[in-house]
>>> print(open('run.pdb').read())   # PDB, C-alpha atoms and all ligand atoms
ATOM      1  CA  GLN A   1       0.000   0.000   0.000
ATOM      2  CA  VAL A   2       1.288   3.471  -0.918
ATOM      3  CA  VAL A   3       1.876   5.763   2.023
ATOM      4  CA  PRO A   4       0.593   9.296   1.303
ATOM      5  CA  THR A   5       3.334  11.846   0.707
ATOM      6  CA  TYR A   6       2.514  13.944   3.753
ATOM      7  CA  LEU A   7       2.924  10.893   5.970
ATOM      8  CA  LEU A   8       6.291  10.095   4.397
ATOM      9  CA  ARG A   9       7.380  13.648   5.074
ATOM     10  CA  VAL A  10       6.173  13.469   8.649
ATOM     11  CA  ARG A  11       7.889  10.105   9.112
ATOM     12  CA  THR A  12      11.199  11.344   7.784
ATOM     13  CA  CYS A  13      11.296  14.935   8.928
ATOM     14  CA  LEU A  14       9.622  15.177  12.271
ATOM     15  CA  ARG A  15      11.931  14.900  15.213
ATOM     16  CA  GLY A  16      10.043  15.235  18.465
ATOM     17  CA  GLY A  17       7.159  17.046  16.775
ATOM     18  CA  ARG A  18       9.288  19.562  14.844
ATOM     19  CA  ALA A  19      11.061  19.366  11.512
ATOM     20  CA  SER A  20      14.813  19.049  12.091
ATOM     21  CA  PRO A  21      16.786  22.206  11.165
ATOM     22  CA  ALA A  22      18.812  20.306   8.555
ATOM     23  CA  CYS A  23      15.646  19.046   6.971
ATOM     24  CA  ARG A  24      14.081  22.524   6.940
ATOM     25  CA  ILE A  25      17.169  24.063   5.318
ATOM     26  CA  ALA A  26      17.403  21.284   2.749
ATOM     27  CA  GLU A  27      13.713  21.681   1.950
ATOM     28  CA  ARG A  28      14.041  25.440   1.508
ATOM     29  CA  GLU A  29      17.067  25.124  -0.770
ATOM     30  CA  ARG A  30      15.449  22.289  -2.607
ATOM     31  CA  GLY A  31      12.398  24.450  -3.227
ATOM     32  CA  MET A  32      14.537  27.213  -4.709
ATOM     33  CA  ASN A  33      16.209  24.814  -7.104
ATOM     34  CA  ARG A  34      12.973  23.187  -8.178
ATOM     35  CA  LYS A  35      12.093  26.360 -10.059
ATOM     36  CA  TYR A  36      14.983  25.908 -12.432
ATOM     37  CA  ARG A  37      15.164  22.231 -13.244
ATOM     38  CA  LYS A  38      13.223  19.038 -13.631
ATOM     39  CA  THR A  39      13.130  16.273 -11.090
ATOM     40  CA  LEU A  40      13.498  12.821 -12.645
ATOM     41  CA  ILE A  41      12.945   9.450 -11.040
ATOM     42  CA  ALA A  42      14.367   6.848 -13.412
ATOM     43  CA  GLY A  43      14.560   3.094 -13.036
ATOM     44  CA  ASN A  44      17.332   0.930 -14.427
ATOM     45  CA  TRP A  45      16.167  -2.626 -14.714
ATOM     46  CA  LYS A  46      19.566  -3.945 -15.879
ATOM     47  CA  MET A  47      19.155  -7.551 -17.130
ATOM     48  CA  ASN A  48      15.921  -8.266 -15.280
ATOM     49  CA  LYS A  49      12.395  -9.157 -16.378
ATOM     50  CA  THR A  50      11.025 -10.710 -19.549
ATOM     51  CA  PRO A  51       8.532  -8.951 -21.864
ATOM     52  CA  THR A  52       5.712 -10.873 -20.134
ATOM     53  CA  GLN A  53       6.915  -9.775 -16.709
ATOM     54  CA  THR A  54       7.279  -6.233 -18.041
ATOM     55  CA  LYS A  55       3.607  -6.163 -19.003
ATOM     56  CA  ALA A  56       2.564  -7.407 -15.562
ATOM     57  CA  PHE A  57       4.824  -4.872 -13.810
ATOM     58  CA  MET A  58       3.494  -1.961 -15.858
ATOM     59  CA  THR A  59      -0.115  -2.952 -15.196
ATOM     60  CA  GLU A  60       0.574  -2.993 -11.464
ATOM     61  CA  LEU A  61       2.527   0.274 -11.608
ATOM     62  CA  LYS A  62      -0.304   2.040 -13.429
ATOM     63  CA  GLY A  63      -2.629   1.226 -10.572
ATOM     64  CA  LEU A  64      -0.235   2.712  -8.007
ATOM     65  CA  LEU A  65       1.010   5.862  -9.742
ATOM     66  CA  PRO A  66       0.242   9.053  -7.834
ATOM     67  CA  LYS A  67      -1.961  11.615  -9.580
ATOM     68  CA  GLY A  68       0.350  14.589  -8.912
ATOM     69  CA  ARG A  69       2.985  15.470 -11.512
ATOM     70  CA  TRP A  70       5.872  16.750  -9.418
ATOM     71  CA  CYS A  71       8.500  14.800 -11.318
ATOM     72  CA  ASP A  72       9.270  13.097 -14.584
ATOM     73  CA  ILE A  73       9.303   9.313 -14.419
ATOM     74  CA  ALA A  74      11.241   6.923 -16.626
ATOM     75  CA  LEU A  75      11.908   3.215 -16.724
ATOM     76  CA  CYS A  76      14.975   2.062 -18.631
ATOM     77  CA  VAL A  77      14.424  -1.570 -19.521
ATOM     78  CA  PRO A  78      16.167  -4.368 -21.455
ATOM     79  CA  ALA A  79      15.899  -3.867 -25.221
ATOM     80  CA  VAL A  80      13.501  -6.772 -25.764
ATOM     81  CA  CYS A  81      11.141  -5.350 -23.121
ATOM     82  CA  ILE A  82      10.898  -1.908 -24.758
ATOM     83  CA  PRO A  83       7.882  -2.686 -27.024
ATOM     84  CA  ALA A  84       5.893  -4.195 -24.121
ATOM     85  CA  ALA A  85       6.798  -1.288 -21.849
ATOM     86  CA  VAL A  86       5.956   1.370 -24.430
ATOM     87  CA  ARG A  87       2.648  -0.297 -25.252
ATOM     88  CA  ALA A  88       1.664  -0.622 -21.607
ATOM     89  CA  MET A  89       2.589   2.956 -20.648
ATOM     90  CA  ARG A  90       1.370   4.739 -23.801
ATOM     91  CA  GLU A  91      -1.409   6.684 -22.067
ATOM     92  CA  THR A  92       0.611   7.427 -18.945
ATOM     93  CA  ARG A  93       3.294   9.893 -17.895
ATOM     94  CA  VAL A  94       5.925   7.179 -17.546
ATOM     95  CA  ALA A  95       8.553   7.429 -20.266
ATOM     96  CA  ILE A  96      10.507   4.411 -21.418
ATOM     97  CA  GLY A  97      14.247   4.314 -21.933
ATOM     98  CA  ALA A  98      16.989   1.947 -23.004
ATOM     99  CA  GLU A  99      20.058   0.900 -21.048
ATOM    100  CA  ASN A 100      22.596   1.457 -23.817
ATOM    101  CA  CYS A 101      22.900   2.311 -27.496
ATOM    102  CA  SER A 102      25.491   2.005 -30.215
ATOM    103  CA  ALA A 103      27.855   4.827 -31.103
ATOM    104  CA  HIS A 104      27.116   4.017 -34.734
ATOM    105  CA  THR A 105      24.007   4.942 -36.656
ATOM    106  CA  ALA A 106      23.739   1.748 -38.756
ATOM    107  CA  GLY A 107      25.801  -0.983 -40.334
ATOM    108  CA  ALA A 108      27.730  -4.141 -39.611
ATOM    109  CA  TYR A 109      27.595  -4.119 -35.800
ATOM    110  CA  THR A 110      25.996  -7.439 -34.915
ATOM    111  CA  GLY A 111      24.049  -7.335 -31.679
ATOM    112  CA  GLU A 112      24.132  -3.548 -31.352
ATOM    113  CA  ILE A 113      21.117  -1.224 -31.303
ATOM    114  CA  ALA A 114      21.183   2.217 -32.905
ATOM    115  CA  ALA A 115      19.798   5.295 -31.175
ATOM    116  CA  ASP A 116      17.215   5.988 -33.865
ATOM    117  CA  MET A 117      15.947   2.393 -33.563
ATOM    118  CA  LEU A 118      15.278   3.150 -29.897
ATOM    119  CA  VAL A 119      13.457   6.359 -30.789
ATOM    120  CA  ASP A 120      11.357   4.521 -33.352
ATOM    121  CA  ALA A 121      10.534   1.873 -30.724
ATOM    122  CA  GLY A 122       9.207   4.639 -28.447
ATOM    123  CA  CYS A 123      12.157   5.388 -26.144
ATOM    124  CA  LYS A 124      12.725   8.831 -24.723
ATOM    125  CA  TYR A 125      15.815   8.153 -22.606
ATOM    126  CA  VAL A 126      18.979   6.092 -22.833
ATOM    127  CA  ILE A 127      21.424   5.314 -20.017
ATOM    128  CA  LEU A 128      25.037   5.770 -21.132
ATOM    129  CA  GLY A 129      28.296   4.906 -19.413
ATOM    130  CA  HIS A 130      26.796   2.869 -16.585
ATOM    131  CA  SER A 131      29.613   1.458 -14.473
ATOM    132  CA  GLU A 132      28.466  -2.082 -15.284
ATOM    133  CA  ARG A 133      29.003  -1.352 -18.982
ATOM    134  CA  ARG A 134      32.295   0.381 -18.276
ATOM    135  CA  ALA A 135      33.337  -2.799 -16.434
ATOM    136  CA  MET A 136      32.618  -4.677 -19.692
ATOM    137  CA  GLY A 137      35.141  -2.477 -21.487
ATOM    138  CA  GLU A 138      33.267   0.700 -22.394
ATOM    139  CA  THR A 139      35.665   3.670 -22.409
ATOM    140  CA  ASP A 140      35.125   7.387 -21.866
ATOM    141  CA  ALA A 141      35.588   7.850 -25.613
ATOM    142  CA  ASP A 142      32.827   5.286 -26.266
ATOM    143  CA  VAL A 143      30.501   7.107 -23.861
ATOM    144  CA  ASN A 144      31.200  10.401 -25.615
ATOM    145  CA  ALA A 145      30.573   8.909 -29.083
ATOM    146  CA  LYS A 146      27.317   7.321 -27.881
ATOM    147  CA  LEU A 147      26.250  10.593 -26.306
ATOM    148  CA  HIS A 148      26.553  12.440 -29.607
ATOM    149  CA  THR A 149      24.686   9.698 -31.462
ATOM    150  CA  ALA A 150      21.918   9.676 -28.843
ATOM    151  CA  LEU A 151      21.543  13.469 -28.933
ATOM    152  CA  ASP A 152      21.433  13.495 -32.732
ATOM    153  CA  ALA A 153      18.665  10.884 -32.629
ATOM    154  CA  GLY A 154      16.640  12.960 -30.159
ATOM    155  CA  LEU A 155      17.103  10.760 -27.084
ATOM    156  CA  ILE A 156      17.738  12.183 -23.623
ATOM    157  CA  PRO A 157      20.993  10.593 -22.460
ATOM    158  CA  ILE A 158      21.407   9.779 -18.775
ATOM    159  CA  VAL A 159      25.188   9.850 -18.480
ATOM    160  CA  CYS A 160      26.609   7.948 -15.516
ATOM    161  CA  CYS A 161      29.780   8.686 -13.606
ATOM    162  CA  GLY A 162      31.121   7.450 -10.304
ATOM    163  CA  GLU A 163      34.192   6.454  -8.369
ATOM    164  CA  THR A 164      35.329   3.133  -6.936
ATOM    165  CA  LEU A 165      35.776   2.640  -3.200
ATOM    166  CA  ALA A 166      39.561   2.696  -3.667
ATOM    167  CA  GLN A 167      39.334   6.046  -5.446
ATOM    168  CA  ARG A 168      37.124   7.503  -2.709
ATOM    169  CA  GLU A 169      39.468   6.260  -0.021
ATOM    170  CA  SER A 170      42.458   7.716  -1.871
ATOM    171  CA  GLY A 171      40.754  11.120  -1.978
ATOM    172  CA  VAL A 172      40.590  11.382  -5.777
ATOM    173  CA  THR A 173      36.796  11.316  -6.196
ATOM    174  CA  GLU A 174      36.512  14.907  -7.448
ATOM    175  CA  GLU A 175      39.356  14.562  -9.947
ATOM    176  CA  TRP A 176      37.937  11.286 -11.242
ATOM    177  CA  ILE A 177      34.418  12.681 -11.653
ATOM    178  CA  THR A 178      35.792  15.814 -13.330
ATOM    179  CA  MET A 179      37.655  13.676 -15.836
ATOM    180  CA  GLN A 180      34.665  11.413 -16.546
ATOM    181  CA  ILE A 181      32.300  14.360 -17.039
ATOM    182  CA  LYS A 182      34.682  16.356 -19.201
ATOM    183  CA  LEU A 183      35.409  13.372 -21.447
ATOM    184  CA  ALA A 184      31.762  12.326 -21.672
ATOM    185  CA  LEU A 185      30.643  15.838 -22.618
ATOM    186  CA  ALA A 186      33.490  16.642 -25.023
ATOM    187  CA  GLY A 187      32.226  18.451 -28.088
ATOM    188  CA  VAL A 188      28.698  19.011 -26.744
ATOM    189  CA  PRO A 189      27.551  22.478 -27.856
ATOM    190  CA  GLU A 190      26.075  24.829 -25.266
ATOM    191  CA  GLU A 191      22.599  24.660 -26.782
ATOM    192  CA  LYS A 192      22.451  20.886 -26.253
ATOM    193  CA  ILE A 193      23.677  20.574 -22.685
ATOM    194  CA  ARG A 194      20.216  20.957 -21.150
ATOM    195  CA  ARG A 195      19.048  17.870 -23.023
ATOM    196  CA  ILE A 196      21.445  15.737 -21.001
ATOM    197  CA  VAL A 197      20.900  14.250 -17.542
ATOM    198  CA  ILE A 198      23.890  13.283 -15.403
ATOM    199  CA  ALA A 199      23.724  10.493 -12.838
ATOM    200  CA  TYR A 200      26.282  10.310 -10.070
ATOM    201  CA  GLU A 201      26.568   6.648  -9.115
ATOM    202  CA  PRO A 202      29.393   5.727  -6.743
ATOM    203  CA  ILE A 203      30.375   2.230  -7.833
ATOM    204  CA  TRP A 204      30.719   1.067  -4.225
ATOM    205  CA  ALA A 205      27.046   1.877  -3.670
ATOM    206  CA  ILE A 206      25.563   0.187  -6.745
ATOM    207  CA  GLY A 207      23.662  -2.965  -5.914
ATOM    208  CA  THR A 208      25.497  -3.270  -2.603
ATOM    209  CA  GLY A 209      22.797  -1.960  -0.286
ATOM    210  CA  GLU A 210      25.351   0.592   0.858
ATOM    211  CA  THR A 211      24.219   4.136   0.049
ATOM    212  CA  ALA A 212      26.231   7.328  -0.023
ATOM    213  CA  THR A 213      25.134   9.580   2.821
ATOM    214  CA  PRO A 214      23.037  12.547   1.679
ATOM    215  CA  GLU A 215      26.087  14.755   2.406
ATOM    216  CA  GLN A 216      28.470  12.591   0.347
ATOM    217  CA  ALA A 217      26.017  12.444  -2.554
ATOM    218  CA  GLU A 218      25.314  16.176  -2.379
ATOM    219  CA  GLU A 219      29.007  17.028  -2.316
ATOM    220  CA  VAL A 220      29.679  15.209  -5.584
ATOM    221  CA  CYS A 221      26.463  16.364  -7.294
ATOM    222  CA  GLN A 222      27.342  19.945  -6.352
ATOM    223  CA  HIS A 223      30.815  19.379  -7.786
ATOM    224  CA  ILE A 224      29.279  18.120 -11.046
ATOM    225  CA  ARG A 225      27.170  21.286 -11.237
ATOM    226  CA  THR A 226      30.322  23.350 -10.766
ATOM    227  CA  ILE A 227      31.981  21.521 -13.673
ATOM    228  CA  ILE A 228      28.933  22.296 -15.827
ATOM    229  CA  ARG A 229      28.963  25.930 -14.687
ATOM    230  CA  LYS A 230      32.612  26.376 -15.658
ATOM    231  CA  ARG A 231      32.171  24.794 -19.069
ATOM    232  CA  PHE A 232      28.581  25.746 -20.009
ATOM    233  CA  GLY A 233      27.731  28.771 -17.828
ATOM    234  CA  SER A 234      25.555  29.396 -14.775
ATOM    235  CA  LYS A 235      22.171  29.242 -16.461
ATOM    236  CA  ASN A 236      22.877  25.830 -17.919
ATOM    237  CA  ALA A 237      24.317  24.588 -14.626
ATOM    238  CA  ARG A 238      21.221  25.760 -12.790
ATOM    239  CA  ALA A 239      18.968  24.017 -15.310
ATOM    240  CA  MET A 240      20.866  20.719 -15.365
ATOM    241  CA  THR A 241      19.187  17.686 -13.845
ATOM    242  CA  ILE A 242      21.668  15.682 -11.767
ATOM    243  CA  LEU A 243      20.604  12.343 -10.295
ATOM    244  CA  TYR A 244      22.006  10.223  -7.524
ATOM    245  CA  GLY A 245      22.116   6.449  -7.965
ATOM    246  CA  GLY A 246      23.453   3.710  -5.711
ATOM    247  CA  SER A 247      21.082   1.648  -3.594
ATOM    248  CA  MET A 248      18.509   4.437  -3.466
ATOM    249  CA  ASN A 249      15.352   2.925  -2.053
ATOM    250  CA  GLU A 250      12.057   3.759  -0.398
ATOM    251  CA  LYS A 251      13.793   4.153   2.963
ATOM    252  CA  ASN A 252      16.586   6.574   2.054
ATOM    253  CA  ALA A 253      15.161   8.450  -0.951
ATOM    254  CA  PHE A 254      13.510  11.324   0.898
ATOM    255  CA  GLU A 255      16.678  12.602   2.498
ATOM    256  CA  LEU A 256      18.798  12.111  -0.620
ATOM    257  CA  LEU A 257      16.211  13.921  -2.724
ATOM    258  CA  ALA A 258      16.067  16.755  -0.188
ATOM    259  CA  GLN A 259      19.624  17.757  -1.059
ATOM    260  CA  PRO A 260      19.796  20.959  -3.109
ATOM    261  CA  ASP A 261      21.871  19.528  -5.967
ATOM    262  CA  ILE A 262      20.199  16.119  -6.207
ATOM    263  CA  ASP A 263      17.374  16.391  -8.714
ATOM    264  CA  GLY A 264      16.228  12.820  -8.732
ATOM    265  CA  GLY A 265      17.385   9.246  -8.696
ATOM    266  CA  LEU A 266      18.595   6.472 -10.947
ATOM    267  CA  ILE A 267      17.310   3.391  -9.242
ATOM    268  CA  GLY A 268      18.250  -0.222  -9.890
ATOM    269  CA  GLY A 269      16.944  -2.850  -7.478
ATOM    270  CA  ALA A 270      14.107  -0.788  -6.013
ATOM    271  CA  SER A 271      12.728  -0.023  -9.495
ATOM    272  CA  LEU A 272      11.900  -3.699  -9.973
ATOM    273  CA  VAL A 273       9.152  -3.598  -7.355
ATOM    274  CA  PRO A 274       6.195  -1.317  -8.194
ATOM    275  CA  GLU A 275       5.428  -0.381  -4.546
ATOM    276  CA  LYS A 276       9.053   0.579  -3.851
ATOM    277  CA  PHE A 277       9.403   2.577  -7.057
ATOM    278  CA  VAL A 278       6.185   4.460  -6.318
ATOM    279  CA  ARG A 279       7.343   5.239  -2.784
ATOM    280  CA  ILE A 280      10.464   6.853  -4.237
ATOM    281  CA  ILE A 281       8.317   8.866  -6.667
ATOM    282  CA  GLU A 282       6.280  10.016  -3.655
ATOM    283  CA  ASP A 283       9.481  11.023  -1.871
ATOM    284  CA  ALA A 284      10.417  13.284  -4.787
ATOM    285  CA  ASN A 285       7.372  15.386  -3.957
ATOM    286  CA  GLN A 286       9.109  17.907  -1.775
ATOM    287  CA  PRO A 287       8.007  21.485  -1.045
ATOM    288  CA  VAL A 288       8.693  24.132  -3.654
ATOM    289  CA  GLY A 289       9.728  27.448  -2.063
TER     290      GLY A 289
HETATM  291  C1  LIG B 301      21.966   1.305 -10.993
HETATM  292  O1  LIG B 301      22.062   0.216 -11.519
HETATM  293  O2  LIG B 301      22.041   2.346 -11.677
HETATM  294  C2  LIG B 301      21.740   1.359  -9.549
HETATM  295  C3  LIG B 301      21.838   2.497  -8.937
HETATM  296  O3  LIG B 301      21.455   0.160  -8.933
HETATM  297  P1  LIG B 301      20.981  -0.041  -7.405
HETATM  298  O4  LIG B 301      19.903   0.977  -7.142
HETATM  299  O5  LIG B 301      20.476  -1.435  -7.360
HETATM  300  O6  LIG B 301      22.173   0.209  -6.563
END
>>> encode(input="run.pdb", output="structure tokens", more="lines below")
Ligand code: PEP
Amino acid sequence: QVVPTYLLRVRTCLRGGRASPACRIAERERGMNRKYRKTLIAGNWKMNKTPTQTKAFMTELKGLLPKGRWCDIALCVPAVCIPAAVRAMRETRVAIGAENCSAHTAGAYTGEIAADMLVDAGCKYVILGHSERRAMGETDADVNAKLHTALDAGLIPIVCCGETLAQRESGVTEEWITMQIKLALAGVPEEKIRRIVIAYEPIWAIGTGETATPEQAEEVCQHIRTIIRKRFGSKNARAMTILYGGSMNEKNAFELLAQPDIDGGLIGGASLVPEKFVRIIEDANQPVG
């Protein structure tokens, strides 16, 4: 059963009958930022669910979706599940995305899927540079090439970046993220930057059940916005949607989403269960100042 948003807020924020100061400040700042950029709650199903299971999931999700439209919602699903997902969610506000695309537009690339094929199949988003794909050999140059292809096709790329535990412990997180973002966005013209979503996903938090603290996640997301500001200007930085991903779930989403530079979530495991995914959508409904 879906818990109403106001109850979630009460549950998370009230400390002895009063909202905690940190929560009040975060909510106020969050409200200010909401005016400038979109909130996005996106699921990443990875290699889970068949087309038949997709249909059943979407039917259940439709029955649980809140009426309010405080955020964009997307589900990035395995390629073979895209037609079932698009069909099921046609009349809804849930957009469908893919988990990868080719850097090439067409040709002799057996097993690959071109960005315009995804558009034609009904996709709006595509995840690029997920750490699980990088672990399979995808390079920063590949991510950049795919980004350009996806933008040209009209997809909204969700570009992932994130450090390993060893990098965090060595104190090189900021340098690593700066490098990943700069390489991923190389050659992107200023007028296209707002069509890109960035997801900060610390590798040590993906699928591990270990989440970055709201402060750790905010620190890196704020750093990403600074990189965007330096390269693309303040207005674009202010308008950029930056997500946090890494074991975000229905228990920790509210406080992560309350951070001023976290504009949504990229959610793996918890996006596979309709009730959990909906609870996270509810938690994105935070006060606008
Ligand atoms: C992901 O795969 O992008 C992800 C964040 O997974 P999880 O939520 O399961 O950690």
>>> closest_atom_pairs(input="run.pdb", of="chain A", to="ligand LIG 301 (chain B)", cutoff="7 Å", atoms="all atoms listed in the file", output="CSV")
residue,atom,partner,partner_atom,distance
A:Asn44,CA,B:LIG301,O1,5.6
A:Lys46,CA,B:LIG301,O1,6.5
A:His130,CA,B:LIG301,O2,6.9
A:Glu201,CA,B:LIG301,C3,6.3
A:Ala205,CA,B:LIG301,O6,5.9
A:Ile206,CA,B:LIG301,O6,3.4
A:Gly207,CA,B:LIG301,O6,3.6
A:Thr208,CA,B:LIG301,O6,6.2
A:Gly209,CA,B:LIG301,O6,6.7
A:Gly245,CA,B:LIG301,C3,4.1
A:Gly246,CA,B:LIG301,C3,3.8
A:Ser247,CA,B:LIG301,O6,3.5
A:Met248,CA,B:LIG301,O4,5.2
A:Leu266,CA,B:LIG301,O2,5.4
A:Ile267,CA,B:LIG301,O4,4.1
A:Gly268,CA,B:LIG301,O3,3.4
A:Gly269,CA,B:LIG301,O5,3.8
A:Ala270,CA,B:LIG301,O4,6.2
>>> resolve_selection(input="run.pdb", expression="the PyMOL selection byres (((chain A and resi 177) around 8) and not hetatm)", output="ChimeraX atom specification")
/A:161-163,173-176,178-181,224
>>> closest_residue(input="run.pdb", among="A:Val220, A:Met240, A:Met136, A:Ile281", to="A:Lys67", atoms="all atoms listed in the file")
A:Ile281
>>> atom_distance(input="run.pdb", atom1="atom CA of A:Glu255", atom2="atom CA of A:Met89")
28.8 Å
>>> resolve_selection(input="run.pdb", expression="the PyMOL selection byres (((chain A and resi 105) around 6) and not hetatm)", output="JSON, numbers by chain")
{"A": [104, 106, 114]}
>>> closest_residue(input="run.pdb", among="A:Ala56, A:Ala258, A:Leu155, A:Cys160", to="A:Pro202", atoms="all atoms listed in the file")
A:Cys160
